[in-house]
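Data first, discussion second: the structure below is written as structure tokens.
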Amino acid sequence: PGKATAWKMTAYDHAGNTAAASVTGSPVILQESAAKKTGKWTTKSSKSYLGGKSLSSSAKKASLTWTFTGRSASWVVSRAATSGQAYVYVDGTKVATVDLKSSATKYRDAIWTTSGASSGKHTVKIVVVG
């Protein structure tokens, strides 16, 4: 994280035409502790959690909000049989309802990803369905 990485892709068609594109990006991990919290949240600790800590809430409408600068974002979560659902908002628009329930406990699942946004400052808000 934080280290610039370059990606390059070249596309070829059957007629022999080619087109190339490249981009350089610096992935950044925003921990849950960096989020603006509303409602009741409980902190859990485990070596299995990204950064060693995780937040959990069953309070309807409790939310976590992150601001980032870039084009894409992923939400990495822990999942379990007792997990519920959450709404995902990007820049104030609801874009997904995510079900975190899993028959097996899982850690560090990228459960939701967005890309293709215009480069700039964006917000991602996670809201507990309840």
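By convention in this document, the chains of the structure tokens carry letters A, B, ... by their order, each chain's residues are numbered from 1, and ligands are numbered from 1 in the order they are shown.
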
As a PDB file with N, CA, C and O atoms, in the first residue's frame, please: the residues near Asp109 in chain A (cut-off 8 Å, only C-alpha atoms, same-chain neighbours under 3 positions excluded).
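Ended up saving to out27.pdb:
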```
ATOM      1  N   VAL A  76     -13.378  -4.310   2.236  1.00  0.00           N
ATOM      2  CA  VAL A  76     -12.852  -5.599   2.679  1.00  0.00           C
ATOM      3  C   VAL A  76     -13.422  -5.878   4.065  1.00  0.00           C
ATOM      4  O   VAL A  76     -13.283  -5.053   4.970  1.00  0.00           O
ATOM      5  N   VAL A  77     -14.058  -7.053   4.205  1.00  0.00           N
ATOM      6  CA  VAL A  77     -14.808  -7.346   5.428  1.00  0.00           C
ATOM      7  C   VAL A  77     -14.499  -8.737   5.966  1.00  0.00           C
ATOM      8  O   VAL A  77     -13.920  -9.571   5.282  1.00  0.00           O
ATOM      9  N   SER A  78     -14.957  -8.951   7.188  1.00  0.00           N
ATOM     10  CA  SER A  78     -15.030 -10.286   7.764  1.00  0.00           C
ATOM     11  C   SER A  78     -16.480 -10.725   7.658  1.00  0.00           C
ATOM     12  O   SER A  78     -17.396  -9.905   7.769  1.00  0.00           O
ATOM     13  N   ARG A  79     -16.680 -12.030   7.433  1.00  0.00           N
ATOM     14  CA  ARG A  79     -18.034 -12.556   7.261  1.00  0.00           C
ATOM     15  C   ARG A  79     -18.231 -13.756   8.181  1.00  0.00           C
ATOM     16  O   ARG A  79     -17.289 -14.484   8.454  1.00  0.00           O
ATOM     17  N   LYS A 106     -15.078 -16.016   7.419  1.00  0.00           N
ATOM     18  CA  LYS A 106     -14.078 -15.585   6.443  1.00  0.00           C
ATOM     19  C   LYS A 106     -13.521 -14.244   6.878  1.00  0.00           C
ATOM     20  O   LYS A 106     -14.228 -13.427   7.456  1.00  0.00           O
TER      21      LYS A 106
END
```

- [ ] Extract, using only C-alpha atoms, all DNA, RNA and protein residues at most 9 Å from Gln85 in chain A, discarding same-chain residues fewer than 5 positions from it, and format them as JSON, numbers by chain.
- [x] {"A": [97, 98, 99, 100, 101, 127, 128, 129, 130]}

Store the residues of this selection in a file with N, CA, C and O atoms, as a compact mmCIF listing (two decimals), in the first residue's frame.
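Result file is selection.txt:
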```txt
# COMPACT_ATOMS: atom_id res chain seq x y z
N THR A 97 -26.76 -3.31 -2.01
CA THR A 97 -27.10 -3.93 -0.74
C THR A 97 -26.24 -5.18 -0.67
O THR A 97 -26.29 -6.02 -1.57
N VAL A 98 -25.43 -5.29 0.37
CA VAL A 98 -24.47 -6.38 0.48
C VAL A 98 -24.86 -7.29 1.62
O VAL A 98 -25.18 -6.83 2.72
N ASP A 99 -24.86 -8.61 1.37
CA ASP A 99 -25.15 -9.61 2.39
C ASP A 99 -23.83 -10.16 2.91
O ASP A 99 -23.07 -10.78 2.15
N LEU A 100 -23.54 -9.94 4.17
CA LEU A 100 -22.28 -10.38 4.76
C LEU A 100 -22.36 -11.77 5.38
O LEU A 100 -21.35 -12.30 5.86
N LYS A 101 -23.54 -12.39 5.37
CA LYS A 101 -23.71 -13.70 5.98
C LYS A 101 -22.92 -14.75 5.20
O LYS A 101 -22.93 -14.77 3.98
N VAL A 127 -23.95 1.46 5.60
CA VAL A 127 -25.04 1.64 6.56
C VAL A 127 -25.62 0.28 6.92
O VAL A 127 -25.97 -0.52 6.04
N VAL A 128 -25.72 0.00 8.22
CA VAL A 128 -26.27 -1.27 8.71
C VAL A 128 -27.76 -1.30 8.40
O VAL A 128 -28.50 -0.36 8.73
N VAL A 129 -28.19 -2.40 7.75
CA VAL A 129 -29.62 -2.55 7.45
C VAL A 129 -30.39 -2.77 8.74
O VAL A 129 -31.46 -2.18 8.93
N GLY A 130 -29.88 -3.59 9.64
CA GLY A 130 -30.51 -3.79 10.95
C GLY A 130 -31.12 -5.14 11.11
O GLY A 130 -31.18 -5.94 10.22
```

- [ ] List the neighbours of Ser103 in chain A out to 10 Å using only C-alpha atoms; skip same-chain residues closer than 6 positions along the sequence, and give me the result as a PyMOL selection string.
- [x] chain A and resi 79-83

What's around Ser33 in chain A at 9 Å? Count only C-alpha atoms, leave out sequence neighbours fewer than 4 positions away in its own chain, and write the answer as a PDB file with C-alpha atoms, in the first residue's frame.
```pdb
ATOM      1  CA  LYS A  37     -18.835   6.643  12.742  1.00  0.00           C
ATOM      2  CA  LYS A  53      -9.120  -4.701  14.691  1.00  0.00           C
ATOM      3  CA  SER A  54     -12.621  -4.740  13.295  1.00  0.00           C
ATOM      4  CA  LEU A  55     -15.829  -2.826  13.932  1.00  0.00           C
TER       5      LEU A  55
END
```

Task: Pairwise distance for CA of Tyr49 in chain A and CA of Val88 in chain A, rounded to one decimal in Å - done: 20.7 Å

Task: All strand (DSSP E or B) residues (DSSP, backbone) inside range 12-87 of chain A, as a ChimeraX atom specification - done: /A:12,18-25,36-38,42-45,53-56,63-70,73-80,85-87

Open item on the list: Calculated over only C-alpha atoms, which of the candidates A:Ala104, A:Leu50, A:Ala19, A:Ala4 has the smallest distance to Glu32 in chain A?
Closed with: A:Leu50

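With CA of Gly84 in chain A on one side and CA of Gly116 in chain A on the other, the separation reads 27.8 Å.
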
- [ ] Identify, with DSSP run on backbone atoms, the residues in chain A assigned to helix (DSSP H, G or I), and express the list as a PyMOL selection string.
- [x] chain A and resi 32-34+50-52

Residues from last step as file, C-alpha atoms, as a PDB file, in the first residue's frame:
```
ATOM      1  CA  GLU A  32     -12.051   1.183   9.936  1.00  0.00           C
ATOM      2  CA  SER A  33     -10.613   3.467  12.601  1.00  0.00           C
ATOM      3  CA  ALA A  34     -10.269   6.146   9.881  1.00  0.00           C
ATOM      4  CA  LEU A  50      -6.856  -6.436   8.617  1.00  0.00           C
ATOM      5  CA  GLY A  51      -4.893  -4.148  10.938  1.00  0.00           C
ATOM      6  CA  GLY A  52      -5.761  -6.355  13.928  1.00  0.00           C
TER       7      GLY A  52
END
```

Open item on the list: List as a ChimeraX atom specification the protein and nucleic acid residues near range 21-25 of chain A, meaning an atom at most 9 Å away when only C-alpha atoms are counted, but skip any in the same chain fewer than 2 places from it.
Closed with: /A:2-11,19,27,70

Just write the chosen residues, C-alpha atoms, as a PDB file, in the first residue's frame.
```
ATOM      1  CA  GLY A   2       1.095   3.521  -0.756  1.00  0.00           C
ATOM      2  CA  LYS A   3       3.678   2.422  -3.326  1.00  0.00           C
ATOM      3  CA  ALA A   4       3.060   3.569  -6.901  1.00  0.00           C
ATOM      4  CA  THR A   5       2.528   0.664  -9.294  1.00  0.00           C
ATOM      5  CA  ALA A   6       2.242   0.874 -13.074  1.00  0.00           C
ATOM      6  CA  TRP A   7      -0.126  -1.321 -15.083  1.00  0.00           C
ATOM      7  CA  LYS A   8      -0.041  -1.642 -18.856  1.00  0.00           C
ATOM      8  CA  MET A   9      -2.445  -3.419 -21.163  1.00  0.00           C
ATOM      9  CA  THR A  10      -2.345  -3.955 -24.907  1.00  0.00           C
ATOM     10  CA  ALA A  11      -5.418  -5.082 -26.842  1.00  0.00           C
ATOM     11  CA  ALA A  19      -4.202  -0.269 -28.723  1.00  0.00           C
ATOM     12  CA  PRO A  27      -3.222   1.665  -3.457  1.00  0.00           C
ATOM     13  CA  GLY A  70      -9.056   8.196  -6.630  1.00  0.00           C
TER      14      GLY A  70
END
```

Open item on the list: Here is a test: counting only C-alpha atoms, which residue of A:Ser57, A:Ser63, A:Ser26, A:Asn17 is nearest to Thr38 in chain A?
Closed with: A:Ser63

TODO: Compare A:Arg108, A:Ala35, A:Thr113, A:Thr18 by their minimum atom-to-atom distance to Trp66 in chain A, counting only C-alpha atoms, and give me the closest one.
DONE: A:Ala35

Task: Gap from CA of Ala86 in chain A to CA of Val124 in chain A - Å, one decimal - done: 12.3 Å
